[in-house]
Structure formats: C-alpha cells, structure tokens
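Participant: Enclosed is the structure file final-v6.txt (compact mmCIF, C-alpha atoms).
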# COMPACT_ATOMS: atom_id res chain seq x y z
CA MET Q 1 234.65 -141.18 0.80
CA THR Q 2 232.78 -141.92 3.99
CA SER Q 3 229.46 -143.48 4.83
CA GLY Q 4 226.72 -140.99 4.08
CA SER Q 5 228.46 -139.96 0.85
CA LEU Q 6 227.65 -140.90 -2.71
CA ASN Q 7 230.30 -143.39 -3.76
CA SER Q 8 232.48 -141.59 -6.34
CA GLY Q 9 235.74 -143.34 -5.69
CA CYS Q 10 237.78 -141.99 -8.64
CA VAL Q 11 237.98 -138.55 -10.10
CA LEU Q 12 237.78 -139.57 -13.76
CA ALA Q 13 235.07 -142.16 -13.44
CA GLY Q 14 231.56 -142.41 -12.09
CA TRP Q 15 229.85 -139.15 -11.24
CA ALA Q 16 232.83 -136.93 -12.04
CA CYS Q 17 232.95 -138.43 -15.50
CA VAL Q 18 229.23 -137.68 -15.94
CA ALA Q 19 229.93 -134.08 -14.97
CA LEU Q 20 232.69 -133.73 -17.54
CA LEU Q 21 230.65 -135.30 -20.31
CA THR Q 22 227.42 -133.39 -19.72
CA ALA Q 23 228.72 -129.92 -18.88
CA MET Q 24 227.21 -127.61 -21.46
CA PRO Q 25 229.24 -124.85 -23.13
CA ALA Q 26 228.37 -121.20 -23.56
CA SER Q 27 224.90 -120.01 -23.59
CA ALA Q 28 223.19 -123.18 -24.85
CA GLY Q 29 219.97 -121.39 -25.78
CA PHE Q 30 219.32 -119.66 -22.45
CA PRO Q 31 218.25 -115.99 -22.81
CA ALA Q 32 221.04 -113.74 -21.50
CA LYS Q 33 222.56 -110.27 -21.53
CA ASN Q 34 226.15 -109.54 -20.49
CA VAL Q 35 226.29 -112.97 -18.77
CA SER Q 36 227.44 -116.16 -20.47
CA LEU Q 37 227.42 -119.83 -19.56
CA TYR Q 38 230.65 -121.57 -18.64
CA ALA Q 39 228.93 -124.89 -17.89
CA HIS Q 40 225.71 -126.46 -16.69
CA LEU Q 41 225.13 -129.58 -14.60
CA SER Q 42 221.55 -130.84 -14.50
CA VAL Q 43 219.89 -132.29 -11.40
CA GLN Q 44 220.07 -135.66 -13.15
CA ASP Q 45 223.87 -135.34 -13.31
CA PHE Q 46 223.77 -135.35 -9.50
CA GLY Q 47 221.33 -138.25 -9.31
CA ALA Q 48 218.72 -135.88 -7.83
CA LYS Q 49 215.19 -134.74 -8.60
CA PHE Q 50 215.54 -131.06 -7.70
CA ALA Q 51 217.95 -128.46 -6.31
CA GLU Q 52 217.56 -125.62 -3.85
CA ASP Q 53 220.24 -123.38 -2.28
CA CYS Q 54 223.92 -122.96 -3.12
CA TRP Q 55 227.09 -121.63 -1.53
CA GLY Q 56 230.84 -121.75 -2.21
CA TYR Q 57 234.13 -122.88 -0.72
CA VAL Q 58 237.73 -121.97 -1.61
CA SER Q 59 240.40 -124.39 -0.44
CA PRO Q 60 243.77 -123.17 0.91
CA SER Q 61 245.28 -123.99 -2.48
CA GLY Q 62 242.88 -121.55 -4.15
CA ARG Q 63 240.74 -124.18 -5.85
CA GLU Q 64 237.07 -123.21 -6.01
CA TYR Q 65 234.08 -125.41 -5.20
CA ALA Q 66 230.36 -124.96 -5.67
CA ILE Q 67 228.12 -126.40 -2.94
CA ILE Q 68 224.54 -127.15 -3.94
CA GLY Q 69 221.54 -128.36 -1.98
CA LEU Q 70 219.82 -131.30 -3.65
CA SER Q 71 216.80 -133.51 -3.10
CA THR Q 72 219.28 -136.22 -2.14
CA GLY Q 73 221.73 -134.22 -0.01
CA THR Q 74 224.63 -131.77 -0.37
CA GLY Q 75 226.61 -131.71 -3.62
CA PHE Q 76 230.23 -130.59 -4.04
CA VAL Q 77 231.57 -129.55 -7.46
CA GLU Q 78 235.03 -128.30 -8.33
CA ILE Q 79 234.73 -125.28 -10.63
CA THR Q 80 238.37 -124.07 -10.62
CA ASP Q 81 238.17 -124.50 -14.38
CA PRO Q 82 234.59 -123.25 -14.74
CA THR Q 83 234.23 -124.76 -18.21
CA ASN Q 84 235.02 -128.25 -16.87
CA PRO Q 85 233.19 -128.77 -13.57
CA VAL Q 86 233.85 -132.00 -11.69
CA ILE Q 87 231.35 -133.45 -9.22
CA VAL Q 88 233.46 -134.45 -6.23
CA ASP Q 89 230.72 -136.01 -4.11
CA VAL Q 90 227.16 -135.83 -2.85
CA VAL Q 91 226.73 -136.29 0.91
CA LEU Q 92 223.42 -138.09 1.19
CA THR Q 93 220.61 -137.22 3.61
CA PRO Q 94 217.12 -138.65 4.27
CA ASN Q 95 215.73 -135.21 3.32
CA GLN Q 96 216.88 -132.53 0.92
CA GLY Q 97 219.87 -130.28 1.48
CA ARG Q 98 218.15 -126.91 1.64
CA ASP Q 99 220.71 -124.43 2.98
CA MET Q 100 224.47 -124.60 3.45
CA LYS Q 101 227.09 -122.27 4.92
CA VAL Q 102 230.86 -122.56 5.49
CA PHE Q 103 233.05 -121.94 8.54
CA GLY Q 104 236.73 -122.72 8.11
CA HIS Q 105 236.91 -126.10 6.41
CA PHE Q 106 233.50 -127.21 7.67
CA VAL Q 107 230.21 -127.07 5.78
CA TYR Q 108 226.96 -126.94 7.75
CA SER Q 109 223.96 -128.22 5.79
CA SER Q 110 220.33 -128.67 6.77
CA SER Q 111 216.69 -128.66 5.73
CA ASP Q 112 213.55 -127.79 7.67
CA SER Q 113 213.01 -131.28 9.04
CA GLY Q 114 216.68 -132.14 9.41
CA PRO Q 115 218.98 -133.80 10.02
CA PHE Q 116 221.72 -131.20 10.37
CA HIS Q 117 225.03 -132.26 8.77
CA ILE Q 118 228.56 -131.16 9.60
CA ILE Q 119 230.86 -131.94 6.66
CA ASP Q 120 234.66 -131.63 6.70
CA VAL Q 121 236.11 -130.48 3.36
CA GLN Q 122 239.77 -130.07 4.32
CA GLU Q 123 240.70 -132.93 1.93
CA ILE Q 124 238.42 -131.86 -0.90
CA ASP Q 125 241.40 -131.15 -3.18
CA ASN Q 126 242.09 -134.90 -2.93
CA GLY Q 127 238.50 -135.75 -3.85
CA VAL Q 128 237.42 -136.45 -0.26
CA VAL Q 129 234.65 -134.85 1.78
CA THR Q 130 233.78 -136.35 5.16
CA LEU Q 131 230.50 -136.35 7.04
CA VAL Q 132 231.75 -135.87 10.61
CA ASP Q 133 228.47 -135.50 12.52
CA THR Q 134 224.73 -135.70 12.08
CA LEU Q 135 222.55 -133.73 14.49
CA GLU Q 136 218.83 -134.10 15.09
CA GLY Q 137 216.53 -131.30 14.07
CA GLY Q 138 216.77 -128.93 11.15
CA THR Q 139 216.48 -125.34 10.04
CA HIS Q 140 215.24 -123.51 6.99
CA ASN Q 141 218.16 -121.07 6.75
CA ILE Q 142 221.66 -120.79 8.18
CA ALA Q 143 223.73 -117.65 8.69
CA ILE Q 144 227.31 -117.70 9.95
CA ASN Q 145 229.33 -114.71 11.13
CA GLU Q 146 232.81 -115.96 10.33
CA GLN Q 147 234.38 -113.09 12.27
CA SER Q 148 232.67 -113.97 15.56
CA GLY Q 149 232.40 -117.74 15.06
CA PHE Q 150 228.67 -118.03 15.69
CA LEU Q 151 225.98 -119.76 13.62
CA TYR Q 152 222.43 -118.41 13.47
CA ALA Q 153 219.70 -120.89 12.52
CA SER Q 154 216.36 -119.49 11.36
CA VAL Q 155 213.50 -121.93 11.61
CA GLY Q 156 210.59 -119.63 10.73
CA GLY Q 157 210.00 -118.92 14.39
CA ALA Q 158 212.80 -118.33 16.87
CA MET Q 159 216.40 -117.77 15.78
CA VAL Q 160 218.84 -120.17 17.44
CA VAL Q 161 222.38 -118.97 18.20
CA VAL Q 162 225.15 -121.61 18.21
CA SER Q 163 228.83 -121.29 19.09
CA LEU Q 164 231.30 -122.83 16.64
CA ALA Q 165 234.25 -122.56 19.03
CA ASP Q 166 234.43 -126.32 18.56
CA PRO Q 167 233.26 -126.62 14.93
CA VAL Q 168 232.48 -130.34 15.21
CA ASN Q 169 230.53 -129.95 18.45
CA PRO Q 170 228.36 -126.82 18.10
CA GLU Q 171 226.94 -125.47 21.35
CA LEU Q 172 223.55 -123.78 21.72
CA VAL Q 173 224.16 -120.47 23.51
CA ALA Q 174 221.08 -118.31 22.95
CA ILE Q 175 217.63 -118.04 21.36
CA TRP Q 176 216.06 -114.94 19.85
CA GLU Q 177 212.34 -115.40 20.43
CA GLY Q 178 211.23 -113.12 17.60
CA GLN Q 179 210.24 -114.46 14.20
CA ALA Q 180 213.14 -115.25 11.86
CA HIS Q 181 213.02 -116.60 8.33
CA ASP Q 182 216.62 -115.66 7.48
CA ALA Q 183 219.40 -113.34 8.67
CA GLN Q 184 222.66 -111.65 7.84
CA VAL Q 185 224.94 -111.20 10.86
CA VAL Q 186 227.98 -108.90 10.85
CA THR Q 187 230.46 -107.43 13.30
CA TYR Q 188 231.05 -103.70 12.98
CA THR Q 189 234.69 -102.64 13.13
CA ASP Q 190 234.32 -98.86 12.99
CA GLY Q 191 231.81 -96.07 13.48
CA PRO Q 192 229.27 -95.82 16.33
CA TYR Q 193 228.66 -99.60 16.35
CA ALA Q 194 232.31 -100.67 16.43
CA GLY Q 195 232.68 -103.93 18.32
CA ARG Q 196 228.96 -104.75 18.15
CA GLU Q 197 227.67 -107.92 16.49
CA ILE Q 198 224.42 -107.12 14.71
CA ALA Q 199 221.84 -109.47 13.17
CA PHE Q 200 219.59 -108.20 10.39
CA VAL Q 201 216.65 -110.56 10.78
CA PHE Q 202 214.15 -111.04 7.97
CA ALA Q 203 211.04 -111.78 9.96
CA GLY Q 204 208.82 -113.39 7.36
CA SER Q 205 205.07 -112.97 7.81
CA SER Q 206 205.55 -110.33 10.52
CA HIS Q 207 206.44 -108.01 7.58
CA ASN Q 208 209.40 -106.63 9.54
CA VAL Q 209 213.13 -106.42 9.23
CA ASP Q 210 214.35 -106.57 12.83
CA ILE Q 211 217.82 -105.35 13.79
CA VAL Q 212 219.07 -107.29 16.81
CA ASP Q 213 222.21 -106.73 18.89
CA VAL Q 214 223.61 -110.22 19.48
CA THR Q 215 226.97 -109.16 20.95
CA ASP Q 216 226.20 -110.47 24.44
CA LYS Q 217 224.63 -113.89 23.97
CA SER Q 218 223.02 -113.62 27.40
CA ASP Q 219 221.31 -110.36 26.45
CA LEU Q 220 220.03 -110.25 22.88
CA PHE Q 221 217.99 -107.11 22.30
CA LEU Q 222 216.11 -105.32 19.54
CA VAL Q 223 217.88 -102.17 18.31
CA GLY Q 224 215.46 -101.14 15.57
CA SER Q 225 212.76 -102.45 13.27
CA THR Q 226 211.06 -101.34 10.06
CA THR Q 227 208.98 -102.50 7.14
CA TYR Q 228 208.19 -101.16 3.65
CA PRO Q 229 205.06 -100.52 1.57
CA ASN Q 230 202.90 -103.54 0.73
CA ALA Q 231 205.09 -105.99 2.66
CA ALA Q 232 203.90 -109.61 2.63
CA TYR Q 233 206.86 -111.81 3.60
CA THR Q 234 210.24 -110.28 4.40
CA HIS Q 235 212.24 -113.11 2.99
CA GLN Q 236 215.99 -112.40 2.72
CA GLY Q 237 218.46 -109.61 2.10
CA TRP Q 238 222.03 -108.34 2.11
CA LEU Q 239 223.87 -105.20 3.16
CA SER Q 240 225.62 -102.78 0.84
CA GLU Q 241 229.35 -102.96 1.43
CA ASP Q 242 229.41 -99.66 3.34
CA ARG Q 243 226.55 -101.03 5.49
CA ARG Q 244 224.40 -97.98 4.89
CA TYR Q 245 221.75 -99.79 2.86
CA LEU Q 246 219.99 -103.14 3.13
CA TYR Q 247 218.49 -104.75 0.03
CA VAL Q 248 215.46 -106.91 0.90
CA SER Q 249 213.47 -109.42 -1.13
CA ASP Q 250 209.80 -110.16 -0.43
CA GLU Q 251 208.78 -113.59 -1.67
CA LEU Q 252 204.99 -113.29 -1.35
CA ASP Q 253 204.10 -109.68 -2.21
CA ASP Q 254 203.20 -110.49 -5.85
CA ILE Q 255 205.36 -107.53 -6.88
CA GLN Q 256 208.68 -108.07 -8.63
CA ARG Q 257 210.65 -105.51 -6.67
CA THR Q 258 213.58 -105.43 -4.29
CA ASN Q 259 213.22 -103.06 -1.36
CA ILE Q 260 215.96 -100.70 -0.17
CA LEU Q 261 216.26 -99.73 3.49
CA ASP Q 262 218.53 -97.08 4.97
CA VAL Q 263 220.16 -98.74 8.01
CA SER Q 264 222.87 -96.15 8.68
CA ASP Q 265 221.14 -95.52 12.03
CA LEU Q 266 220.35 -99.00 13.34
CA SER Q 267 217.81 -97.61 15.79
CA ASN Q 268 215.90 -95.83 13.04
CA PRO Q 269 215.91 -97.84 9.79
CA PHE Q 270 213.53 -96.70 7.06
CA PRO Q 271 212.66 -97.54 3.42
CA VAL Q 272 214.21 -95.31 0.74
CA GLY Q 273 213.20 -97.01 -2.49
CA GLU Q 274 212.94 -100.14 -4.57
CA PHE Q 275 214.09 -101.50 -7.91
CA THR Q 276 212.79 -104.09 -10.34
CA THR Q 277 213.47 -106.15 -13.45
CA GLY Q 278 210.10 -105.06 -14.84
CA LEU Q 279 209.06 -108.72 -15.12
CA PRO Q 280 206.30 -110.47 -13.15
CA CYS Q 281 208.62 -113.18 -11.72
CA THR Q 282 209.11 -113.73 -7.98
CA ASP Q 283 212.33 -112.47 -6.41
CA HIS Q 284 214.30 -114.73 -4.07
CA ASN Q 285 217.89 -114.74 -2.67
CA LEU Q 286 220.28 -111.86 -3.33
CA TYR Q 287 223.88 -110.90 -2.47
CA VAL Q 288 226.08 -107.83 -2.94
CA ARG Q 289 229.66 -107.73 -4.20
CA ASP Q 290 231.83 -104.86 -5.50
CA GLY Q 291 228.89 -102.52 -5.95
CA PHE Q 292 226.68 -105.03 -7.78
CA VAL Q 293 223.54 -106.82 -6.61
CA PHE Q 294 223.25 -110.45 -7.74
CA GLU Q 295 219.69 -111.71 -7.36
CA ALA Q 296 218.03 -115.05 -8.12
CA ASN Q 297 214.57 -114.33 -9.49
CA TYR Q 298 212.97 -117.78 -9.83
CA THR Q 299 211.53 -117.91 -13.38
CA SER Q 300 213.76 -115.13 -14.79
CA GLY Q 301 217.04 -116.53 -13.41
CA LEU Q 302 220.03 -114.47 -12.31
CA ARG Q 303 219.69 -110.69 -12.49
CA VAL Q 304 222.70 -108.39 -12.03
CA PHE Q 305 222.24 -104.77 -10.95
CA ASN Q 306 224.79 -101.97 -10.90
CA ALA Q 307 224.40 -100.14 -7.57
CA CYS Q 308 226.74 -97.23 -8.27
CA ASP Q 309 223.77 -95.18 -7.14
CA PRO Q 310 222.82 -97.42 -4.21
CA VAL Q 311 219.21 -96.25 -4.03
CA ASN Q 312 218.66 -96.61 -7.79
CA PRO Q 313 220.31 -99.86 -8.93
CA VAL Q 314 220.15 -100.48 -12.68
CA GLU Q 315 219.99 -103.91 -14.31
CA VAL Q 316 223.13 -104.51 -16.37
CA GLY Q 317 222.96 -108.24 -17.05
CA PHE Q 318 220.94 -111.41 -16.70
CA PHE Q 319 220.98 -115.13 -17.40
CA ASP Q 320 217.58 -116.82 -17.53
CA THR Q 321 217.98 -120.34 -16.13
CA TYR Q 322 214.26 -121.01 -16.59
CA PRO Q 323 213.36 -119.89 -20.13
CA ALA Q 324 209.87 -121.44 -20.12
CA ASN Q 325 208.26 -118.25 -18.75
CA ASP Q 326 208.72 -115.28 -16.41
CA ASP Q 327 205.54 -115.90 -14.40
CA PRO Q 328 205.18 -115.49 -10.63
CA GLY Q 329 205.84 -118.68 -8.69
CA PHE Q 330 208.55 -120.85 -7.23
CA SER Q 331 210.04 -122.66 -10.23
CA GLY Q 332 213.51 -121.71 -11.42
CA ALA Q 333 216.50 -120.00 -9.79
CA TRP Q 334 216.59 -120.46 -6.01
CA SER Q 335 219.91 -118.79 -5.19
CA THR Q 336 223.25 -117.51 -6.38
CA TYR Q 337 226.79 -117.20 -4.99
CA PRO Q 338 228.99 -114.35 -6.34
CA PHE Q 339 231.90 -114.41 -3.88
CA PHE Q 340 234.48 -116.63 -5.61
CA PRO Q 341 237.87 -114.84 -5.97
CA SER Q 342 237.89 -115.68 -9.69
CA GLY Q 343 234.65 -113.77 -10.24
CA THR Q 344 232.80 -116.91 -11.34
CA VAL Q 345 229.15 -116.85 -10.26
CA ILE Q 346 226.98 -119.90 -9.67
CA VAL Q 347 223.20 -120.26 -9.67
CA SER Q 348 221.13 -123.13 -8.28
CA ASP Q 349 217.92 -123.73 -10.22
CA ARG Q 350 215.22 -125.98 -8.73
CA SER Q 351 214.66 -128.01 -11.89
CA GLY Q 352 217.72 -126.97 -13.88
CA GLY Q 353 220.52 -127.79 -11.45
CA LEU Q 354 223.83 -125.90 -11.26
CA PHE Q 355 224.72 -123.07 -13.65
CA ILE Q 356 228.31 -121.78 -13.71
CA LEU Q 357 228.40 -118.28 -15.18
CA ASP Q 358 230.75 -115.64 -16.54
CA VAL Q 359 229.48 -112.21 -15.42
CA SER Q 360 232.56 -110.22 -16.47
CA ALA Q 361 230.68 -108.24 -19.12
CA ALA Q 362 227.97 -107.24 -16.63
CA VAL Q 363 230.35 -106.16 -13.89
CA GLY Q 364 232.44 -104.37 -16.49
CA VAL Q 365 229.64 -101.82 -16.55
CA GLY Q 366 231.36 -99.64 -13.96
CA CYS Q 367 230.73 -96.36 -12.19
CA SER Q 368 232.02 -93.84 -14.74
CA PRO Q 369 231.63 -90.17 -13.76
CA GLY Q 370 228.62 -88.95 -15.69
CA ASP Q 371 226.97 -92.36 -16.05
CA LEU Q 372 223.90 -91.13 -14.19
CA ASP Q 373 221.57 -93.91 -15.37
CA GLY Q 374 224.10 -96.68 -14.61
CA ASP Q 375 223.89 -98.32 -18.03
CA GLY Q 376 227.64 -98.29 -18.64
CA ASP Q 377 227.61 -95.42 -21.14
CA VAL Q 378 227.73 -91.66 -20.76
CA ASP Q 379 225.31 -90.44 -23.41
CA ILE Q 380 222.32 -88.27 -24.20
CA PHE Q 381 220.20 -89.91 -21.51
CA ASP Q 382 222.73 -88.94 -18.85
CA LEU Q 383 222.88 -85.41 -20.24
CA LEU Q 384 219.10 -85.13 -19.98
CA LEU Q 385 219.22 -86.33 -16.37
CA LEU Q 386 221.88 -83.74 -15.54
CA LEU Q 387 219.90 -80.92 -17.16
CA SER Q 388 216.74 -81.97 -15.30
CA ASP Q 389 218.65 -81.50 -12.02
CA TRP Q 390 220.26 -78.20 -13.06
CA GLY Q 391 220.55 -75.83 -10.11
CA VAL Q 392 220.78 -76.37 -6.36
CA CYS Q 393 221.06 -79.96 -5.09
CA GLN Q 394 218.53 -81.41 -2.71
CA VAL Q 395 220.97 -83.69 -0.91
CA PRO Q 396 219.26 -85.65 1.90
CA PRO Q 397 218.46 -88.46 1.95
CA ASP Q 398 219.36 -89.78 -1.49
CA GLY Q 399 222.29 -87.62 -2.48
CA CYS Q 400 222.56 -85.68 -5.73
CA PRO Q 401 224.01 -87.95 -8.45
CA ALA Q 402 224.27 -85.14 -11.02
CA ASP Q 403 226.50 -83.07 -8.71
CA LEU Q 404 229.63 -84.63 -10.17
CA ASP Q 405 232.08 -82.15 -8.62
CA GLY Q 406 230.46 -82.28 -5.18
CA ASP Q 407 230.02 -78.52 -4.75
CA GLY Q 408 226.35 -78.65 -3.83
CA ASP Q 409 224.79 -77.66 -7.13
CA VAL Q 410 224.50 -78.93 -10.68
CA GLY Q 411 226.13 -76.53 -13.09
CA VAL Q 412 228.71 -75.94 -15.79
CA LEU Q 413 231.53 -77.85 -14.08
CA ASP Q 414 229.30 -80.93 -13.77
CA LEU Q 415 228.40 -80.61 -17.43
CA LEU Q 416 232.10 -80.48 -18.38
CA ILE Q 417 232.83 -83.62 -16.31
CA LEU Q 418 230.01 -85.49 -18.03
CA LEU Q 419 231.17 -84.41 -21.49
CA ALA Q 420 234.77 -85.40 -20.67
CA ASN Q 421 233.54 -88.97 -20.03
CA TRP Q 422 231.18 -89.11 -23.04
CA GLY Q 423 230.96 -92.51 -24.70
Can you dump the structure from the file as structure tokens?

Facilitator:
Amino acid sequence: MTSGSLNSGCVLAGWACVALLTAMPASAGFPAKNVSLYAHLSVQDFGAKFAEDCWGYVSPSGREYAIIGLSTGTGFVEITDPTNPVIVDVVLTPNQGRDMKVFGHFVYSSSDSGPFHIIDVQEIDNGVVTLVDTLEGGTHNIAINEQSGFLYASVGGAMVVVSLADPVNPELVAIWEGQAHDAQVVTYTDGPYAGREIAFVFAGSSHNVDIVDVTDKSDLFLVGSTTYPNAAYTHQGWLSEDRRYLYVSDELDDIQRTNILDVSDLSNPFPVGEFTTGLPCTDHNLYVRDGFVFEANYTSGLRVFNACDPVNPVEVGFFDTYPANDDPGFSGAWSTYPFFPSGTVIVSDRSGGLFILDVSAAVGVGCSPGDLDGDGDVDIFDLLLLLSDWGVCQVPPDGCPADLDGDGDVGVLDLLILLANWG
C-alpha cells in the first residue's frame, strides 16, 4: 500500500478479515423480490460513517472489484466470489469520495470540494492500489467516454472536459458553459451521427436535458434540448442500448417517476412517457443493461425494470436496502452498478454500506412473445391487452406491442402467437 491508503497489509488480516467475518448471507431480513443478497458490508466495516456512489472494475484476469465512495475516501472490494467479499483497501481523502469512474487501470475519484484522486489499480489482484496523484479542486460527478479517452466533470455549473491521453496527467481541453449536474457521453459508430461524440447533459435546476456535440473540443455546441412535465431537477440518466431512448431521474420533483425521452433525433428530443415503482421514495442514479433498467431509489433500494417495451418498463424485481420506510428524502440507496460480466450487481447505500446482489431471477423475466405487460408470464392479462388493441395498429411514436407478427394490425395471427407462448 501507499501513503494515502488505509493500511491493510495482508489479505487475511485487518480490514479484509473484517470483511470476511461480517459479510451477511442471503436476504438477511431485507424486503426483496426476484433479487437476493450475496453479501453485505456495512459502513463500519470500512471504518466510515456513510457511503455515497459506487462503480466497478474488472482486472485483466477477470477478477471483479466494487468501488465505493465513503466518508473517508474510496473503497475497493474484491467480489469475484460475491458471497465472500474482501476489502482490499480504502484510499483516504480529507473529504468524502463522492463519485468514481474508471479508465483503463486508473480510477478517478472526487467530491465537490476535492481533492481529485487518480488511483492506479493495475496491481489490485496482488492486494495493492496506488494513489498516483492528487489534484486540487473537485467535482460532483464524473463521466468518462472510454472510447474517446475524455473525462467530463460536472460541478453543478460548467462542465469541464479533460483529456486522458496521459492518464496520470489529465489536461483541461474545453469547458461547456451551460449548467451540468451529470452527463453520459458516447461516441456514435453508425447512423446519421456516426463519428460524433455526444454528451447528454443533465442540467439540474435548469430543468433541461441538453444534448451537446463535443466532438471538436474547440467548438462544443448545443444540438438539442428538452424537458418533461413538472421538471424540478434533471438529475441523472442513461441511454437505452439502441440509443433511441433516454431514461432520466428527477431528484427534487417530489414524484417517484422516471422520465423517458425519445432522442432518436438529437436535434428534436421529446418526452414520451414515464414509469414508477408506485412508492413515494425519491429516485436517484440509474443504468441500463441487456434491456433492463437498474435504479437506486433511496429509501426503497434497488429497483429492476424490464424494458422489453422501452416506453413502458415494468418492475420485475427489487431489493430494499433501507427497510425503515419508503418516504421521500435522501437516506438509503445512492447508486448501483450492473455492468460486471458475472451479472453481479452492487448497490451503495448511504447508511447501509455495500450490498452485493444476485439479480438473476429478475433478469430471467425476459421478452417472451406475447408478454405484453412485461411480467414474465403470458397469461390472461396479456390476452386482455391484445384484445383491447384488436384492429389496426397506431404505430408512431410508441409502436404497437400487440402486433406480434408485425403486419400492421392486431388480429388472429397475433392471437395464435400469444397462445403458443402461454404460460
């Protein structure tokens, strides 16, 4: 270990031993549906008072690591065996580790007031993480486009663009002067935007989602912008995998709903719907993988939605990391990370720490032909939906889910397909 790290000099002693002894097995009294608990590490296991964001890293050997922001710094936990997590280290900071992202074998970690840490994890399989640089200043959220090699820091005001051509010596290359609370930045590889690097900027109290072309760092420009009904604080969001839809959380609207924007035309984005857990809790960070939306909803924990119908996602699983209540507010699950190759999902809970979860039952609720309500079964409810749409489809803009054979109407052939998949 290096200076700036919590001293955990051996794998089977000290903090790692605490992790092994206190990891809690399946479900441990937390309300859940189709999601079960592999293990749980409390904030006390990390020597911290609270937790915030989380992210993940996979080493070249395939070993998986959870990264969690803590009141004391940035925590690293091996979860290759998700039932036996091992705390590798905590890189200490004068302020909390709020947000972390990965580029290559470097982790970039910061909080609003800084400092900004660059941490090398290339030796993490050997139990070593190394703080290689500490930069002045901080940021609330970090986005990295791994394809382009640029980091985008959102500080609540301007968005700062940084080149990672030299990962240890980041270089400021541009500033977007609009408001930015968070962003997702992607490079299009096909279609009308092929070759363009686009930032979807969640502009906080401006109520907007701004779409910014950041391809030429000397000429950042607004492509399109939109909002949605009753917007209060456009907080964070993530694209569907075909990049047609953008799912957006609003942290301050006092409505437990996730907004859906059609962004197929970047110059003309528009809202097409919303979905909800039906609970009063406040929604926070969300991500999309394999047709499922994974969302941290503060007091109601992780919520998993099947987005087979992308404008009508259906909840198919949950794990409540904060069972005390489902009230509005900022206690409970801050974030989640669903991108590990193994399928393991982690959740960071402000007072509860790190939850390591098995979501296989939830994501096993697939996209069967005829499953019109997305609940994993083809049954009487799907039949009723099909019959209610009997006749000619009204296709734009939301498609016609009951047109199972794609011929433009809902009729006998669609009924036969549904019945063939009954059960």

Participant: Can you list, as a PyMOL selection string, every protein, DNA or RNA residue that comes within 7 Å of Q:Asp53 when you count only C-alpha atoms, leaving out same-chain residues fewer than 6 positions away?

Facilitator: chain Q and resi 68-69+98-99+334-335+348

Participant: Calculated over only C-alpha atoms, which of the candidates Q:Glu274, Q:Asp283, Q:Asp265, Q:Asp414 has the smallest distance to Q:Val314?

Facilitator: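 Ranked by minimum distance to Q:Val314, first place goes to Q:Glu274.
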
Participant: Tell me which residues come within 12 Å of (220.3, -107.6, 18.0), as a PyMOL selection string, counting all atoms listed in the file in the file's coordinates.

Facilitator: chain Q and resi 152+159+161+174-178+183-187+193+196-201+209-225+266-267

Participant: I need the residue nearest Q:Pro60 from this list: Q:Leu415, Q:Leu135, Q:Cys393, Q:Ile124. Use all atoms listed in the file for the distance.

Facilitator: Q:Ile124

Participant: Give one line per residue of stretch 315-371 of chain Q that approaches stretch 295-309 of chain Q to at most 8 Å, naming the two atoms of the closest pair and their distance in Å to one decimal, counting only C-alpha atoms; sort by chain then ascending residue number and deliver it as CSV.

Facilitator:
residue,atom,partner,partner_atom,distance
Q:Glu315,CA,Q:Phe305,CA,4.1
Q:Val316,CA,Q:Phe305,CA,5.5
Q:Gly317,CA,Q:Val304,CA,5.0
Q:Phe318,CA,Q:Arg303,CA,4.5
Q:Phe319,CA,Q:Leu302,CA,5.2
Q:Asp320,CA,Q:Gly301,CA,4.2
Q:Thr321,CA,Q:Gly301,CA,4.8
Q:Tyr322,CA,Q:Thr299,CA,5.2
Q:Pro323,CA,Q:Ser300,CA,7.2
Q:Ala324,CA,Q:Thr299,CA,7.8
Q:Asn325,CA,Q:Thr299,CA,6.3
Q:Asp326,CA,Q:Thr299,CA,4.9
Q:Asp327,CA,Q:Thr299,CA,6.4
Q:Pro328,CA,Q:Thr299,CA,7.3
Q:Gly329,CA,Q:Tyr298,CA,7.3
Q:Phe330,CA,Q:Tyr298,CA,6.0
Q:Ser331,CA,Q:Tyr298,CA,5.7
Q:Gly332,CA,Q:Tyr298,CA,4.3
Q:Ala333,CA,Q:Tyr298,CA,4.2
Q:Trp334,CA,Q:Tyr298,CA,5.9
Q:Ser335,CA,Q:Ala296,CA,5.1
Q:Thr336,CA,Q:Ala296,CA,6.0
Q:Val347,CA,Q:Leu302,CA,7.1
Q:Asp349,CA,Q:Tyr298,CA,7.7
Q:Ala362,CA,Q:Val304,CA,7.1
Q:Val363,CA,Q:Asn306,CA,7.6
Q:Val365,CA,Q:Asn306,CA,7.4
Q:Gly366,CA,Q:Asn306,CA,7.6
Q:Cys367,CA,Q:Cys308,CA,5.7

Participant: For the atom pair atom CA of Q:Leu372 and atom CA of Q:Leu386, what is the interatomic distance in Å to one decimal place?

Facilitator: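 A separation of 7.8 Å between them.
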
Participant: Counting all atoms listed in the file, which residue out of Q:Ile260, Q:Ile67, Q:Val86, Q:Leu37 sits closest to Q:Leu239?

Facilitator: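 Among the listed residues, Q:Ile260 lies closest to Q:Leu239.
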
Participant: Per residue of stretch 69-159 of chain Q within 12 Å of stretch 227-238 of chain Q, what are the shortest atom pair and its distance in Å to one decimal, counting only C-alpha atoms, with rows by chain and residue number, as CSV?

Facilitator:
residue,atom,partner,partner_atom,distance
Q:His140,CA,Q:His235,CA,11.5
Q:Asn141,CA,Q:Gln236,CA,9.8
Q:Ile142,CA,Q:Gln236,CA,11.5
Q:Ala143,CA,Q:Gln236,CA,11.1
Q:Ser154,CA,Q:Gln236,CA,11.2
Q:Gly156,CA,Q:His235,CA,10.3

Participant: May I ask which of the residues Q:Gly411, Q:Gly56, Q:Gly376, Q:Gly352 is the closest one to Q:Val102, counting all atoms listed in the file?

Facilitator: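 Comparing Q:Gly411, Q:Gly56, Q:Gly376, Q:Gly352 against Q:Val102, the winner is Q:Gly56.
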